[in-house]
Amino acid sequence: MAREFSTVGVVGLGTMGAGIVEVFARNGIDVVAVEIAESALERGRATLKGSTDRAVAKGKLAEADRDALHERVHFAVGLDALHSVDLVIEAVPEHLDLKQRIFAELDRVCKPETILATNTSSLSVTEISVATSRPNQVIGIHFFNPAPVMKLVEVVRTVVTAPEVVADVEALCARLGKVDVTINDRAGFIANALLFGYLNHAVAMVESHYATREDIDAAMKLGCGLPMGPLALMDLIGLDTAYEILDTMYRRGGRDRRHAPVPLLKQMVTAGLLGRKSGRGFYTYERPGSPRVVPDATTPPATDAALADGARAITKVGIVGSGTMATGIIEVFAKAGYEVVSVTRGAEKSASVCEAVKTSLNKGVVRGKLAEADRDAALGRITWSATLDHLADVDLVVEAVVEELSVKKALFASLDEICKPGVVLATTTSSLPVIDVAMATQRPADVVGLHFFNPAPVMPLIEVVQTIRTSPETTATARAVCAALGKTGVVCGDRSGFIVNALLFPYLNDAVRMLEASYSTADDIDHAMKLGCGYPMGPFELLDVVGLDVALAIQRELYLELREPGFAPAPLLEHLVTAGYLGRKTRRGFRDHSHR
Ligand SMILES: NC(=O)c1ccc[n+]([C@@H]2O[C@H](COP(=O)([O-])OP(=O)(O)OC[C@H]3O[C@@H](n4cnc5c(N)ncnc54)[C@H](O)[C@@H]3O)[C@@H](O)[C@H]2O)c1
């Protein structure tokens, strides 16, 4: 029989604590909610009220249930109020000495059988537990932000946590409607260990002006389907909390430089820019605590006119190549009303690309997304050719041939001879330096990267890659074209992986390392990222879809260019690729897909 928890204490009613109070009270459990001072108590009460009022307004909570929920919560200043609770969850700031002091005090105040839990994200639960005389009853219960919404709870057992305590807490998580993963005490547990290197890297991109906050966030949302971008997430977590988590992970997690907090973070914390809770972080909010972003000095102008400022007029577009990407890109431009010249290496290839474009457009018609007349008009705008000479009068060329530098350079040298002055020359490379391609021409200022995502007709994102020689007009033209295609163009520098792959693949590689170290299972790691962070797929699901060979190749490129030791491909990834386990395409990767 699992232990009955009728009253639970929560210490600290900040970003996490207030949400944790709501989780318990919503599930019929009485809560004693404790803060350090009256003012903080009031703030916690207001957060709870705001959150439950919003749930009522959205029709997710009945008014009577809200009132009953509030009646279950008793607010108090000081830990003495916790003398008769069955479980305490501590959610005070991420400082070991503070937490140890609170646990020593809880040990004195609480009943001998009370379980003492910490919501720490990165500190050692073991170190916190030894501040008490009952380390076997101390455990980590790590909720995710916002606690009432996110389904995951990481249950952290130390080497001395009693098995009954673990079982009781797991049963409690189930009662709260949460999914738990139980793991050992390691810095960052599952989700944060995989998340924070990525978040810190995104901050480094802002700090070095590699891309803007809006573009980085849009890239990860639209390119990977994440519920929020990394900088908006930093603001939600709180920059002070994020700083402490990174700092602890750096010190406890083997001094991986990727966890050393980026200097900009410290500066922002010192300046009081803590994220949503202080009303300003990477973004500016309507008021402290509000989720509503308001424009500020760095908000880019949203109008098409501003986007087109300095952009050249584009009506006729040449697309070179006959693979998956070229085919998709031809469709995208033709559907958007551009006159398209497709150039392949022969009539046969042109015929098969033409067939593929027709099939794809027909699918749109069958699904009711495209009118027959629009399909015919799109097809009518495409000219099929097998010679580059037909590109003499286009305004933009998009190159999507094989990913080999020598081939791309030769092609750009030819385009340089054939195309008229003023044409924008774009490459869709996903891993080669755009500047290498640009320097194969006499007009590097007109060369830019246009990194489409697969499948091009569906994916809403394009990375616009500017080299150190790309002119502002070329970038403006590229952005305007993205907008005219109905896509979001994000501008970034010419570095390996651009934005999306540079942020995504090291995280996937880290997940492989975590599996390799037997810290957790592929299923639990996938669960943790989906239910704790709202990712559409877990890392192993995604790796099997992307292809392990593709992931390995990208990770190698990143490692070679940045020489960051943490980017070295995980040996397990290399072995799986060598063994021919490449993911769904070979019916086996991290998982066996042969029966599906
Ligand atoms: N922010 C997140 O996204 C997140 C997610 C999961 C876990 N956590 C963890 O949760 C814990 C709390 O983080 P947060 O972001 O909610 O911090 P926060 O700064 O938003 O809130 C901390 C609260 O603790 C109160 N407090 C400070 N000293 C106290 C004391 N002696 N007694 C009672 N209350 C006290 C403060 O007044 C404040 O309201 C940290 O360990 C953090 O790592 C945070």
# chains A, B, ... in the order shown; residues from 1 in each chain; ligands from 1
>>> closest_atom_pairs(of="chain A", to="ligand 1", cutoff="6 Å", atoms="only C-alpha atoms and all ligand atoms", output="CSV")
residue,atom,partner,partner_atom_place_in_ligand_line,distance
A:Val11,CA,ligand 1,33 (C),5.0
A:Gly12,CA,ligand 1,24 (O),3.5
A:Leu13,CA,ligand 1,39 (O),4.6
A:Gly14,CA,ligand 1,21 (O),3.2
A:Thr15,CA,ligand 1,16 (O),3.7
A:Met16,CA,ligand 1,16 (O),3.7
A:Gly17,CA,ligand 1,16 (O),5.5
A:Val34,CA,ligand 1,33 (C),5.8
A:Glu35,CA,ligand 1,33 (C),3.9
A:Ile36,CA,ligand 1,33 (C),4.1
A:Ala40,CA,ligand 1,37 (O),5.2
A:Ala91,CA,ligand 1,11 (C),4.0
A:Val92,CA,ligand 1,24 (O),3.6
A:Pro93,CA,ligand 1,22 (C),4.6
A:Glu94,CA,ligand 1,41 (O),4.2
A:Asn119,CA,ligand 1,10 (O),5.0
A:Thr120,CA,ligand 1,41 (O),3.5
A:Ser121,CA,ligand 1,43 (O),4.1
A:His142,CA,ligand 1,7 (C),5.9
A:Phe143,CA,ligand 1,6 (C),5.3
A:Phe144,CA,ligand 1,6 (C),4.8
A:Asn145,CA,ligand 1,3 (O),4.7
A:Ile237,CA,ligand 1,3 (O),3.6
A:Gly238,CA,ligand 1,1 (N),5.6
A:Thr241,CA,ligand 1,15 (O),5.4
>>> residues_around(residues="Pro444 in chain A", least_positions_apart="6", cutoff="8 Å", atoms="only C-alpha atoms", output="ChimeraX atom specification")
/A:435,438,469-470
>>> atom_distance(atom1="CA of Val31 in chain A", atom2="CA of Thr114 in chain A")
14.0 Å
>>> residues_around(residues="Tyr198 in chain A", least_positions_apart="6", cutoff="10 Å", atoms="only C-alpha atoms", output="list in words")
Asn192, Ala204, Pro230, Arg258, His259, Ala502, Leu503, Leu504, Phe505, Pro506 and Tyr507 of chain A
>>> write_last_selection(atoms="all heavy atoms", output="compact mmCIF listing (two decimals), in the first residue's frame")
# COMPACT_ATOMS: atom_id res chain seq x y z
N ASN A 192 17.45 18.60 -18.26
CA ASN A 192 18.32 19.78 -18.23
C ASN A 192 19.72 19.48 -18.73
O ASN A 192 20.37 20.35 -19.31
CB ASN A 192 18.36 20.37 -16.82
CG ASN A 192 17.08 21.09 -16.48
OD1 ASN A 192 16.25 21.33 -17.36
ND2 ASN A 192 16.89 21.43 -15.23
N ALA A 204 25.02 32.38 -26.72
CA ALA A 204 26.30 32.73 -27.34
C ALA A 204 26.08 33.29 -28.75
O ALA A 204 26.77 34.21 -29.19
CB ALA A 204 27.23 31.52 -27.37
N PRO A 230 14.73 29.06 -27.91
CA PRO A 230 15.59 28.96 -26.73
C PRO A 230 15.65 30.24 -25.90
O PRO A 230 15.77 30.17 -24.68
CB PRO A 230 16.96 28.63 -27.33
CG PRO A 230 16.89 29.01 -28.77
CD PRO A 230 15.47 28.83 -29.16
N ARG A 258 30.72 23.94 -22.72
CA ARG A 258 29.42 24.35 -23.24
C ARG A 258 28.45 24.73 -22.13
O ARG A 258 27.42 25.33 -22.37
CB ARG A 258 28.82 23.23 -24.10
CG ARG A 258 29.62 23.01 -25.36
CD ARG A 258 29.08 21.85 -26.12
NE ARG A 258 29.04 20.66 -25.30
CZ ARG A 258 28.19 19.65 -25.48
NH1 ARG A 258 27.31 19.70 -26.44
NH2 ARG A 258 28.25 18.60 -24.71
N HIS A 259 28.79 24.33 -20.88
CA HIS A 259 27.93 24.70 -19.76
C HIS A 259 28.45 25.91 -19.00
O HIS A 259 27.79 26.37 -18.07
CB HIS A 259 27.77 23.52 -18.81
CG HIS A 259 27.00 22.39 -19.41
ND1 HIS A 259 27.32 21.07 -19.25
CD2 HIS A 259 25.91 22.40 -20.22
CE1 HIS A 259 26.47 20.31 -19.91
NE2 HIS A 259 25.61 21.10 -20.53
N ALA A 502 23.28 23.63 -35.94
CA ALA A 502 24.29 23.88 -34.91
C ALA A 502 23.69 23.73 -33.51
O ALA A 502 24.37 23.35 -32.57
CB ALA A 502 24.89 25.27 -35.08
N LEU A 503 22.40 24.06 -33.38
CA LEU A 503 21.77 23.95 -32.06
C LEU A 503 21.16 22.56 -31.84
O LEU A 503 21.09 22.08 -30.71
CB LEU A 503 20.68 25.02 -31.89
CG LEU A 503 21.18 26.46 -31.77
CD1 LEU A 503 20.01 27.43 -31.70
CD2 LEU A 503 22.09 26.64 -30.56
N LEU A 504 20.73 21.93 -32.91
CA LEU A 504 20.01 20.66 -32.77
C LEU A 504 20.93 19.44 -32.60
O LEU A 504 20.73 18.62 -31.72
CB LEU A 504 19.12 20.44 -34.00
CG LEU A 504 18.32 19.14 -34.02
CD1 LEU A 504 17.26 19.16 -32.93
CD2 LEU A 504 17.67 18.93 -35.39
N PHE A 505 21.95 19.33 -33.46
CA PHE A 505 22.69 18.08 -33.50
C PHE A 505 23.56 17.82 -32.26
O PHE A 505 23.64 16.67 -31.81
CB PHE A 505 23.43 17.92 -34.83
CG PHE A 505 22.46 17.49 -35.90
CD1 PHE A 505 21.75 18.43 -36.63
CD2 PHE A 505 22.20 16.15 -36.11
CE1 PHE A 505 20.80 18.04 -37.57
CE2 PHE A 505 21.24 15.75 -37.05
CZ PHE A 505 20.54 16.70 -37.77
N PRO A 506 24.20 18.84 -31.68
CA PRO A 506 24.94 18.56 -30.44
C PRO A 506 24.02 18.02 -29.33
O PRO A 506 24.42 17.16 -28.55
CB PRO A 506 25.53 19.92 -30.06
CG PRO A 506 25.66 20.63 -31.37
CD PRO A 506 24.44 20.21 -32.15
N TYR A 507 22.79 18.49 -29.31
CA TYR A 507 21.82 17.99 -28.33
C TYR A 507 21.52 16.51 -28.59
O TYR A 507 21.50 15.69 -27.66
CB TYR A 507 20.56 18.86 -28.37
CG TYR A 507 19.24 18.13 -28.20
CD1 TYR A 507 18.84 17.67 -26.95
CD2 TYR A 507 18.40 17.90 -29.29
CE1 TYR A 507 17.63 17.00 -26.79
CE2 TYR A 507 17.20 17.24 -29.15
CZ TYR A 507 16.82 16.78 -27.90
OH TYR A 507 15.63 16.12 -27.75
>>> atom_distance(atom1="CA of Gly229 in chain A", atom2="CA of Phe196 in chain A")
12.9 Å
>>> closest_residue(among="A:Ala117, A:Ala371, A:Ile468, A:Leu379", to="Gly337 in chain A", atoms="only C-alpha atoms")
A:Leu379
>>> residues_around(residues="range 171-175 of chain A", least_positions_apart="5", cutoff="9 Å", atoms="only C-alpha atoms", output="PyMOL selection string")
chain A and resi 2-5+27+153+166+180
>>> closest_residue(among="A:Tyr559, A:Glu214, A:Ala326, A:Cys533", to="Pro301 in chain A", atoms="only C-alpha atoms")
A:Glu214
>>> residues_around(residues="range 383-386 of chain A", least_positions_apart="6", cutoff="8 Å", atoms="only C-alpha atoms", output="list in words")
Val340, Val341, Ser342, Val343, Thr344, Arg345, Gly346, Ala347, Ser350 and Cys354 of chain A
>>> closest_residue(among="A:Val320, A:Tyr338, A:Pro536, A:Gly328", to="Leu415 in chain A", atoms="only C-alpha atoms")
A:Val320
>>> select_by_dssp(residues="range 430-577 of chain A", states="strand (DSSP E or B)", output="MDAnalysis selection string")
chainID A and resid 447:452 461:466 488:493
>>> write_last_selection(atoms="C-alpha atoms", output="PDB file, in the first residue's frame")
ATOM      1  CA  VAL A 447      26.114  35.259 -53.376  1.00  0.00           C
ATOM      2  CA  VAL A 448      24.038  34.093 -50.410  1.00  0.00           C
ATOM      3  CA  GLY A 449      22.882  30.837 -48.824  1.00  0.00           C
ATOM      4  CA  LEU A 450      19.205  29.905 -48.972  1.00  0.00           C
ATOM      5  CA  HIS A 451      18.922  26.842 -46.772  1.00  0.00           C
ATOM      6  CA  PHE A 452      15.533  25.258 -47.342  1.00  0.00           C
ATOM      7  CA  LEU A 461      11.633  28.053 -42.552  1.00  0.00           C
ATOM      8  CA  ILE A 462      14.518  29.212 -44.732  1.00  0.00           C
ATOM      9  CA  GLU A 463      17.934  30.105 -43.319  1.00  0.00           C
ATOM     10  CA  VAL A 464      19.435  33.059 -45.181  1.00  0.00           C
ATOM     11  CA  VAL A 465      23.185  32.688 -44.846  1.00  0.00           C
ATOM     12  CA  GLN A 466      25.283  35.791 -45.383  1.00  0.00           C
ATOM     13  CA  THR A 488      10.039  32.828 -42.605  1.00  0.00           C
ATOM     14  CA  GLY A 489      13.585  33.763 -43.573  1.00  0.00           C
ATOM     15  CA  VAL A 490      16.052  33.927 -40.693  1.00  0.00           C
ATOM     16  CA  VAL A 491      19.412  35.570 -41.277  1.00  0.00           C
ATOM     17  CA  CYS A 492      22.604  34.081 -39.870  1.00  0.00           C
ATOM     18  CA  GLY A 493      26.345  34.024 -40.381  1.00  0.00           C
TER      19      GLY A 493
END
>>> closest_residue(among="A:Glu417, A:Val8, A:Leu123, A:Ile319", to="Cys110 in chain A", atoms="only C-alpha atoms")
A:Val8
